[in-house]
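J.: Here it is, the structure in full.
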Amino acid sequence: MNLSFFDQFMSPSLLGIPLILISLLFPTLLFPSPDNRWITNRISTLQLWFFQLITKQLMTPLNKKGHKWALILLSLMVLLLTINLLGLLPYTFTPTTQLSMNLALAFPLWLATLLTGLRNQPSIALGHLLPEGTPTPLIPALILIETTSLLIRPLALGVRLTANLTAGHLLIQLISTASTVLLPIMPAVSLLTTIILLLLTILEVAVAMIQAYVFVLLLSLYLQENI
Amino acid sequence: VVCSVLHATRQLHTTQQSLAPLPPLPEKGGEVRHGLIPEEFFQFLYPKTGVTGPYMLGTGLVLYLLSKEIYVVNHETVASACILGVIIYGIKRFGPDVAAFADKLNEEKVAKALAVKNEAIESLQTAIEEEKKEQWRVEGRSYLFDAKRNNVAMLLEANYRERLMMVYNEVKKRLDYQVAMQTLKKQKEQDYMIQWVEKNVIQSITPQQQKESIAKCILDLKALSKGAHAAV
């Protein structure tokens with residue numbers, strides 16, 4: 001079990017069989033599916049309350065057509081949240097640290113919002129490229145800038161998630177290595193480093209939740225513009 | 001993979017598998033010690049190893065793994081210590097609150113349904129009370145009608161008397177008029193008669209008679225004055 005710093009980010013495989021699918025589907029096992037009961041146990045009640053809260057939050061700014069996206073946005077949010085939080089446990093693999101996976105999540109969804117906008121209301125969707133009230137000489141430059149900003153969105157979504165999580169995990173690893181190595185040499189500094197690690201862990205928990213939320217929120221924003 | 005797929009396809013189930021009613025949920029969750037290990041495990045080892053058995057087993061396992069370097073202490077160890085510390089702190093601090101919140105959500109659900117039922121019962125009882133009151137009111141119906149009848153009779157009576165009075169007043173006015181006419185006529189006749197008599201008398205007084213009466217008056221006056229002088 002001698003780990004280097006890269007083992008955490010290696011896609012797991014057992015005897016050559018890639019296990020990424022299992023690691024992606026594992027979070028689904030953690031959520032109890034609603035039964036036919038009226039009064040459920042605590043975890044089912046809390047789960048239902050939580051999902052209703054998220055769905056209401058996401059769907060309030062959208063119009064009626066956008067509510068078709070409720071299921072996918074909710075499941076995406078819950079998946080990302082669970083994957084991120086589970087990744088903080090020791091010796092776990094976080095699928096969202098792989099850029100390939102995040103781009104695979106971000107790109108199709110973003111493209112779907114864009115195509116919906118261009119198909120149903122093309123002039124309004126293209127109209128978003130020019131903010132209101134710009135002085136006339138700036139218009140060509142601004143359109144170019146806005147187009148670039150539009151096209152870079154999937155990349156931004158994917159890379160944001162990847163970078164945040166990877167950076168967090170890497171920092172945890174580095175600081176814990178420093179703490180371990182310093183323990184026989186300068187125990188006091190080691191203690192300090194451990195305290196830093198504690199604070200970092202709390203930050204990472206927050207970041208994990210926030211990143212999931214931000215991903216889905218931005219997607220819903222793009223959807224709002226285009227639907 | 002199979003488990004997750006089974007789990008995910010549960011969304012597609014539209015009906016229950018069996019029509020039997022679901023068994024009730026147990027009141028409390030299973031007993032656990034240290035939040036992880038079920039109590040049954042300790043009970044299972046108790047007859048052979050006593051109270052310290054499971055702890056010895058745990059310690060022995062951990063030391064075995066460490067000493068044989070099956071588990072190597074590396075950076076992940078201290079990272080895992082941190083994250084486990086955070087998790088345990090979170091559970092200990094917010095656990096009871098979250099449980100109370102979940103219980104409150106369930107309570108509210110049940111309370112809403114109970115409220116509906118209670119309201120229905122209350123409204124029905126109010127309806128029963130109202131009905132009983134109406135039945136009591138029906139008994140008093142005859143009194144009500146009597147009172148109304150009396151009222152109407154009184155009104156009619158009053159109206160009749162009023163009209164009678166009016167008739168009397170009208171008749172009296174007409175009769176008074178006739179009486180006044182007659183009185184006036186008599187008065188006028190009397191006055192005329194007096195005037196006529198006076199006129200004739202005044203006409204009949206001739207000048208000769210006037211002189212005679214004046215001379216007589218003067219003589220009388222002289223006699224009277226003599227008499228008055230004598231008296232004084």
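Scheme for the structure tokens: letters A, B, ... for chains in order shown; per-chain residue numbers from 1; ligand numbers from 1 in order shown.
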Do a neighbour search on region 211-217 of chain A at 7 Å with only C-alpha atoms, toss out local chain neighbours closer than 3 positions, and write the hits as a PDB file with N, CA, C and O atoms, in the first residue's frame.

T.:
```pdb
ATOM      1  N   LEU A  73     -31.518  17.391 -13.638  1.00  0.00           N
ATOM      2  CA  LEU A  73     -30.707  18.308 -12.842  1.00  0.00           C
ATOM      3  C   LEU A  73     -30.607  17.839 -11.403  1.00  0.00           C
ATOM      4  O   LEU A  73     -29.538  17.892 -10.777  1.00  0.00           O
ATOM      5  N   MET A  77     -27.183  16.730  -9.566  1.00  0.00           N
ATOM      6  CA  MET A  77     -26.757  17.389  -8.329  1.00  0.00           C
ATOM      7  C   MET A  77     -26.457  16.374  -7.250  1.00  0.00           C
ATOM      8  O   MET A  77     -25.411  16.408  -6.593  1.00  0.00           O
ATOM      9  N   LEU A  80     -23.268  14.294  -8.099  1.00  0.00           N
ATOM     10  CA  LEU A  80     -22.027  15.024  -7.878  1.00  0.00           C
ATOM     11  C   LEU A  80     -21.759  15.221  -6.403  1.00  0.00           C
ATOM     12  O   LEU A  80     -20.631  15.052  -5.931  1.00  0.00           O
ATOM     13  N   LEU A  81     -22.815  15.559  -5.660  1.00  0.00           N
ATOM     14  CA  LEU A  81     -22.661  15.771  -4.225  1.00  0.00           C
ATOM     15  C   LEU A  81     -22.118  14.524  -3.545  1.00  0.00           C
ATOM     16  O   LEU A  81     -21.144  14.557  -2.786  1.00  0.00           O
ATOM     17  N   LEU A 157     -17.160  24.560 -17.208  1.00  0.00           N
ATOM     18  CA  LEU A 157     -17.876  23.713 -16.246  1.00  0.00           C
ATOM     19  C   LEU A 157     -17.051  22.507 -15.848  1.00  0.00           C
ATOM     20  O   LEU A 157     -16.858  22.198 -14.669  1.00  0.00           O
ATOM     21  N   LEU A 161     -14.923  21.919 -12.068  1.00  0.00           N
ATOM     22  CA  LEU A 161     -15.159  20.814 -11.137  1.00  0.00           C
ATOM     23  C   LEU A 161     -13.899  19.996 -10.931  1.00  0.00           C
ATOM     24  O   LEU A 161     -13.483  19.700  -9.801  1.00  0.00           O
ATOM     25  N   VAL A 207     -16.281  22.607  -0.058  1.00  0.00           N
ATOM     26  CA  VAL A 207     -16.026  22.741  -1.497  1.00  0.00           C
ATOM     27  C   VAL A 207     -16.753  21.654  -2.260  1.00  0.00           C
ATOM     28  O   VAL A 207     -17.336  21.905  -3.314  1.00  0.00           O
ATOM     29  N   ALA A 208     -16.715  20.445  -1.723  1.00  0.00           N
ATOM     30  CA  ALA A 208     -17.371  19.342  -2.414  1.00  0.00           C
ATOM     31  C   ALA A 208     -18.831  19.664  -2.650  1.00  0.00           C
ATOM     32  O   ALA A 208     -19.356  19.520  -3.756  1.00  0.00           O
ATOM     33  N   SER A 220     -28.481  25.278 -14.903  1.00  0.00           N
ATOM     34  CA  SER A 220     -29.858  25.762 -14.887  1.00  0.00           C
ATOM     35  C   SER A 220     -29.915  27.207 -15.364  1.00  0.00           C
ATOM     36  O   SER A 220     -30.889  27.621 -15.993  1.00  0.00           O
ATOM     37  N   LEU A 221     -28.872  27.968 -15.093  1.00  0.00           N
ATOM     38  CA  LEU A 221     -28.828  29.349 -15.589  1.00  0.00           C
ATOM     39  C   LEU A 221     -28.777  29.386 -17.110  1.00  0.00           C
ATOM     40  O   LEU A 221     -29.470  30.165 -17.755  1.00  0.00           O
TER      41      LEU A 221
END
```

J.: Per residue of chain B within 6 Å of chain A, what are the shortest atom pair and its distance in Å to one decimal, counting only C-alpha atoms, with rows by chain and residue number, as CSV?

T.:
```
residue,atom,partner,partner_atom,distance
B:Val1,CA,A:Ile22,CA,5.8
B:His75,CA,A:Thr177,CA,4.5
B:Val78,CA,A:Ser176,CA,5.9
B:Ala79,CA,A:Ser176,CA,5.7
B:Ser80,CA,A:Pro90,CA,5.1
B:Cys82,CA,A:Leu198,CA,5.6
B:Ala102,CA,A:Arg42,CA,5.4
```

J.: Based on the selection just made, write C-alpha atoms of those residues as a PDB file, in the first residue's frame.

T.:
```pdb
ATOM      1  CA  VAL B   1     -23.475  -3.118 -11.493  1.00  0.00           C
ATOM      2  CA  HIS B  75      -0.127  10.034   4.489  1.00  0.00           C
ATOM      3  CA  VAL B  78      -3.417  11.037   8.998  1.00  0.00           C
ATOM      4  CA  ALA B  79      -5.809  12.300   6.297  1.00  0.00           C
ATOM      5  CA  SER B  80      -8.280   9.590   7.241  1.00  0.00           C
ATOM      6  CA  CYS B  82      -8.816  14.033  10.079  1.00  0.00           C
ATOM      7  CA  ALA B 102     -36.985  14.251  10.643  1.00  0.00           C
TER       8      ALA B 102
END
```

J.: In Å, how far is it from CA of His229 (chain B) to CA of Lys216 (chain B)?

T.: 20.1 Å

J.: When you look at Trp69 (chain A) with a cut-off of 10 Å (counting only C-alpha atoms), what residues show up, excluding the ones that are within fewer than 6 positions of it in the same chain? I need them as a list in words.

T.: Leu58, Met59, Leu62, Ser220 and Leu223 of chain A

J.: Could you pull out all residues of chain A with a DSSP call of strand (DSSP E) and give them as a VMD selection string?

T.: chain A and resid 13 to 14 17 to 18

J.: One decimal, in Å: what's the spacing between CA of Thr116 (chain A) and CA of Asn226 (chain A)?

T.: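 Atom-to-atom, CA of Thr116 (chain A) to CA of Asn226 (chain A), that is 6.5 Å.
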